[in-house]
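To keep things clear, I will list the structure first and then write my remarks on it.
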Amino acid sequence: MMADGHEDEEKWLAAGIAGLQQNAFYMHRALDSNNLRDALKYSAQMLSELRTSKLSPHKYYELYMRAFDELRKLEMFFKEEARRGCSVIDLYELVQHAGNILPRLYLLCTVGSVYIKSKEAPAKDVLKDLVEMCRGIQHPVRGLFLRSYLSQVSRDKLPDIGSEYEGDADTVTDAVEFVLQNFTEMNKLWVRMQHQGPAREKEKREKERSELRDLVGKNLHVLGQIEGVDLEMYKETVLPRVLEQVVNCKDEIAQFYLMDCIIQVFPDEYHLQTLDILLGACPQLQPSVDIKTVLSQLMERLSNYAASSTEVLPEFLQVEAFSKLSNAIGKVIEAQVDMPTVGVVTLYSSLLKFTLHVHPDRLDYADQVLGACVKKLAGKGKIEDNKATKQIVALLSAPLDKYNDIVTALKLSNYPHVMEYLDNETNKVMATVIIQSIMKNKTQISTAEKVEALFELIKGLIKDLDGTPDDEVDEDDFKEEQNSVARLIQMLCNDDPEEMFKIICTVRKHVLTGGPKRLLFTVPPLVFSSLKLVRQLQGQDENPFGDDTTTPKKIFQLLNQTIEALSSIPAPDLALRLYLQCAEAANDCELEPVAYEFFTQAYILYEEEISDSKAQVTALHLIIGTLQRMHVFGVENRDTLTHKATGYSAKLLKKPDQCRAVYACAHLFWVDDQENMKDGERVLICLKRALRIANAAQQMSNAARGSTGSSTLFVEILNKYLYFFEKGNPQITVASIQSLIELITNEMQSESTTPDPATDAFFASTLRYIQFQKQKGGAVGEKYEPIKA
Amino acid sequence: MNYLIGAFKPSCNISITFSDAKTRKQVPFKKENGQTVMLPLFQSQENIYGKISVEPVPGKKVEHNGIKVELLGQIEMYFDRGNFYDFTSLVRELDIPGEIYEKKTFPFEFSKVEMPYETYNGVNVRLRYVLKVTISRGYAGSIVEYQDFVVRNYSPPPPINNSIKMEVGIEDCLHIEFEYNKSKYHLKDIIIGKIYFLLVRIKIKNMDLEIRRRESTGSGANTHVETETLAKFELMDGAPVRGESIPIRLFLSPYELTPTHKNINNKFSVKYYLNLVLVDEEDRRYFKQQEITIYRLEENSSVPS
């Protein structure tokens with residue numbers, strides 16, 4: 001059916017064009033032979049084609065344009081006639097004899113144009129007559145096109161200032177009056193379209209109307225171009241009249257389009273000076289008008305205007321642009337009860353951008369905006385609407401983008417209140433935005449207070465909001481988020497230890513609420529951040545301020561508790577590492593009991609929580625490594641700890657692991673630069689024990705698989721021997737090295753040994769090393785000399 | 001009688017000429033047979049004078065019982081065609097009975113002739129003025145020649161000329177108020193006015209203003225009324241809404257109007273009406289008719305507006 005309608009329309013259009021062309025042909029003939037009577041007759045017939053009701057606006061426009069072209073020729077003819085002495089006034093009457101109104105009025109406008117040009121009558125009188133007579137066309141489409149024609153032909157003939165048609169006094173008023181009247185009538189026709197025809201064709205009608213809107217809007221363009229419309233006149237006449245029409249037409253489409261037009265057409269300066277009037281109209285618009293877009297555009301224009309030159313800024317202050325806009329928005333929201341949240345937020349978002357642009361120094365304005373927004377959102381609960389939350393993100397991102405500095409944003413007391421209205425998901429997004437802003441700008445957040453505020457803002461990332469963990473979260477996203485939090489924690493620093501300690505306490509307070517999944521990510525940076533503070537303090541001497549001040553001890557206590565939190569996850573591996581880190585730091589601070597305590601914790605974890613054999617191996621090596629570096633312990637403590645460590649080593653599950661752990665333990669008894677920690681005997685005991693285990697391992701392998709495993713362990717032990725030999729451990733003799741080399745050589749030649757190129761290479765390079773050391777000469781060379789490889 | 005003349009070839013030519021023919025204004029006049037001829041124009045109280053010449057066909061003589069010229073004002077009803085009612089009849093004897101051998105010219109004059117009615121050509125009636133020359137002959141029938149002329153009478157602008165203003169409507173459906181600037185218009189006048197829509201509940205398609213002429217002839221039970229629409233002038237296209245006001249500007253000059261004639265000699269009347277017609281989308285017509293008076297204004301006198 002639709003297709004048929006379309007085809008029919010094509011047919012009607014074709015018929016219309018044919019009729020038009022035919023009459024135009026006769027009209028041309030009459031023009032050529034200077035036959036006025038016939039020219040009028042055929043032009044009227046030609047214009048009768050425009051009387052059709054069958055065409056959609058789009059097609060009608062096509063027909064209209066053809067008629068328009070023909071009318072230009074007719075106008076030329078009329079001009080010629082007038083030049084030849086034919087009275088224009090007579091012509092003006094003559095065309096009014098046409099019986100049909102539409103052709104009559106087209107002709108009248110055409111002659112009217114010549115009439116004005118002839119200056120036989122004041123332009124204003126002719127214009128007034130034309131615009132009045134056009135009332136006869138009440139059909140929306142035909143009326144709109146006719147008046148559009150009038151507007152077109154009169155455009156260059158308005159009695160504007162400086163125009164050749166300018167009359168005696170005050171003729172700009174006449175020009176304006178004319179355009180305003182034509183505009184008003186056109187708008188009425190345009191609005192009327194909405195109410196004509198069956199309800200089911202509403203959509204089609206709205207489409208047709210939107211096709212016609214520029215015809216109406218063009219009048220505003222013309223007004224905008226009239227030279228004589230100065231601010232005074234704009235304020236007193238033009239704007240109030242236009243707005244009156246906009247408000248009174250009570251039509252959603254028209255109001256939206258025309259408000260937009262007003263904003264686009266007239267100069268920014270005028271808008272600024274007439275904000276009261278313009279904004280006053282907003283709450284009076286229909287509730288369904290998309291006023292947020294209108295106001296947003298206004299504010300955007302004003303922002304750009306403010307940005308264009310600093311000279312205009314005083315104007316903004318003078319007219320109190322901000323408070324006016326702010327009030328207007330409040331009123332609009334009140335007036336439009338059904339405005340969706342997204343509208344509310346968009347409005348405030350635009351206002352915020354405006355104030356950030358225009359009054360970057362007035363942070364209180366920005367805060368006011370946020371506060372007002374919170375008020376309007378109050379009672380709506382979490383916002384579910386996707387679009388609205390996006391707008392809130394935009395709203396909240398604006399100050400960050402503007403100041404590139406979260407610190408400034410943190411001064412906005414209403415900022416967190418706005419965030420409260422975000423759903424969890426968006427809250428996280430916003431928090432991420434904030435963190436990214438900090439990262440990007442390398443912002444330093446240097447007081448506990450600000451940190452407190454910041455964490456309040458990003459609490460979506462810090463803990464499960466509403467206490468319900470969200471199972472839906474994508475694992476990768478979650479990691480990404482938490483990594484960014486971790487990075488953020490690293491960014492927080494202050495050179496003043498007091499403040500830094502406060503910051504750490506604050507962060508800790510928040511972080512600990514994060515639940516097991518987050519602690520994994522957040523505790524390590526917190527710990528390291530604290531350790532950084534410890535390192536900073538360790539360089540300083542006794543704190544002169546007594547007990548209240550920050551001491552490493554206090555920090556360590558805090559750290560202990562912090563790491564303890566990990567037990568709830570549990571994450572023994574991580575906790576163990578952190579304990580060891582702390583222990584090392586305590587060591588550097590010469591705090592033996594603290595270091596011991598950390599080791600104790602680490603051991604307890606090792607014993608009670610780490611059961612996986614591989615994890616045990618790793619943990620144990622970490623313990624050994626750390627312990628080796630500790631120098632703070634007294635003999636007793638150290639013995640206890642090393643004893644334990646060696647004990648653990650022997651209890652590892654796999655023989656090779658045992659072996660390696662045991663020879664690693666050898667280092668615990670030999671610390672290079674500390675004379676009191678060089679116990680050669682116990683080193684040797686460890687190494688021998690390692691050898692035994694390696695042996696046992698090989699036998700086991702032989703028993704189990706029929707072939708001895710590789711001799712790698714032996715080569716590794718050989719290397720340890722060489723290490724300690726070189727370090728001057730008297731218990732490591734050339735003989736013992738020699739026998740070990742032989743043992744390995746035998747092993748490798750034995751048939752039961754599985755050949756292993758890696759071991760062969762390892763061994764070969766070990767031997768090369770010995771050779772190399774020999775050739776070095778000097779003390780080392782001498783020492784190595786006896787070894788035969 | 002006339003056809004006899006045609007049949008037997010007149011034995012003489014009669015010509016009637018007005019003395020001021022050269023300077024007198026001529027106006028087009030549509031004859032019964034549809035042809036338009038130019039006729040001299042007179043008004044009441046004018047002197048009508050000229051010459052009548054009788055020229056026998058060469059070699060023949062005209063024997064007569066007297067020659068006279070009559071000025072007749074006649075009304076002819078078409079239902080009674082051929083039967084003229086003379087409301088004016090003036091006679092001048094031109095010649096006593098005798099014989100005419102060669103061309104003979106007689107001057108004539110009717111002074112200050114009272115011609116109260118205008119020449120009128122209607123649907124059912126016509127009013128004409130004619131000079132009738134009769135050469136009376138006893139046996140062969142009289143020889144008659146006619147010369148039509150047109151009479152138009154001018155009126156001064158009426159001292160009182162109120163506007164026509166009226167509110168009409170159909171309850172809860174359509175209420176309009178219309179206004180015509182005058183009730184009396186001259187023939188080249190312009191009707192200015194407006195229509196104000198107070199209530200519109202019907203879907204109007206367009207609105208026309210018609211000029212209608214009502215010619216009534218006869219009297220009493222024999223009254224015959226004929227109405228013609230002389231002008232159909234579109235005032236509005238499309239459906240207005242409440243509060244719209246539509247301008248009227250209708251130039252009367254293009255239309256062939258006559259002055260209003262009231263009860264001409266008890267024979268006929270011609271009245272004019274403005275008929276405002278609204279047509280809705282179902283082609284129903286809503287109309288309101290108002291009588292207007294049309295008068296003839298001296299061409300170069302100005303009208304107080």
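Ordering of the structure tokens sets the chain letters (A, B, ...); residue numbers start at 1 within each chain; ligands are numbered from 1 in the order shown.
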Given a cut-off of 8 Å, which residues of chain A touch chain B, counting only C-alpha atoms, written out as a list in words?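 Going by the stated atoms only, the list reads Glu93, Gln96, His97, Ala98, Gly99, Asn100, Ile101, Leu102, Glu132, Met133, Arg135, Gly136, Ile137, Gln138, His139 and Pro140 of chain A.
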From range 340-528 of chain A, collect each residue whose DSSP state is helix (DSSP H, G or I) and return the set as a ChimeraX atom specification. /A:341-358,363-377,386-403,406-410,415-419,424-441,448-457,459-462,465-467,475-491,497-514,516-528
Computed interatomic separation between CA of Arg192 in chain A and CA of Glu282 in chain B (Å): 20.2 Å
Write out as a PyMOL selection string the residues lying within 10 Å of Ala335 in chain A, counting only C-alpha atoms and excluding same-chain residues fewer than 6 positions away. chain A and resi 282-287+329
Any chance you can output those residues with N, CA and C atoms as a PDB file, in the first residue's frame?
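again-v4.pdb written:
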```pdb
ATOM      1  N   CYS A 282      12.244  28.836  29.104  1.00  0.00           N
ATOM      2  CA  CYS A 282      12.480  27.386  29.156  1.00  0.00           C
ATOM      3  C   CYS A 282      11.491  26.606  30.023  1.00  0.00           C
ATOM      4  N   PRO A 283      11.256  27.050  31.248  1.00  0.00           N
ATOM      5  CA  PRO A 283      10.325  26.246  32.054  1.00  0.00           C
ATOM      6  C   PRO A 283       8.910  26.252  31.485  1.00  0.00           C
ATOM      7  N   GLN A 284       8.638  27.153  30.578  1.00  0.00           N
ATOM      8  CA  GLN A 284       7.274  27.217  30.035  1.00  0.00           C
ATOM      9  C   GLN A 284       7.075  26.304  28.842  1.00  0.00           C
ATOM     10  N   LEU A 285       8.121  25.676  28.411  1.00  0.00           N
ATOM     11  CA  LEU A 285       7.986  24.788  27.252  1.00  0.00           C
ATOM     12  C   LEU A 285       7.266  23.509  27.653  1.00  0.00           C
ATOM     13  N   GLN A 286       6.841  22.777  26.647  1.00  0.00           N
ATOM     14  CA  GLN A 286       6.130  21.534  26.909  1.00  0.00           C
ATOM     15  C   GLN A 286       7.051  20.571  27.651  1.00  0.00           C
ATOM     16  N   PRO A 287       6.455  19.760  28.513  1.00  0.00           N
ATOM     17  CA  PRO A 287       7.299  18.854  29.298  1.00  0.00           C
ATOM     18  C   PRO A 287       8.084  17.875  28.420  1.00  0.00           C
ATOM     19  N   ILE A 329      17.976  26.171  35.177  1.00  0.00           N
ATOM     20  CA  ILE A 329      17.987  24.711  35.121  1.00  0.00           C
ATOM     21  C   ILE A 329      17.124  24.141  36.231  1.00  0.00           C
TER      22      ILE A 329
END
```
Please list as a short mmCIF file (atom, residue, chain, number, x, y, z; two decimals) with C-alpha atoms, in the first residue's frame every residue within 9 Å of Glu269 in chain A, counting only C-alpha atoms and excluding residues in the same chain fewer than 4 positions away.
```
data_model
loop_
_atom_site.label_atom_id
_atom_site.label_comp_id
_atom_site.auth_asym_id
_atom_site.auth_seq_id
_atom_site.Cartn_x
_atom_site.Cartn_y
_atom_site.Cartn_z
CA LEU A 231 20.93 44.51 21.20
CA GLN A 273 22.66 40.00 27.60
CA THR A 274 19.24 38.45 27.36
CA LEU A 302 28.50 30.63 25.71
CA TYR A 305 32.25 32.60 23.43
CA VAL A 312 34.25 39.15 27.12
CA GLU A 315 30.34 40.52 30.60
#
```
Mind giving me the straight-line distance from CA of Thr88 in chain B to CA of Leu71 in chain B in Å, one decimal? 7.4 Å
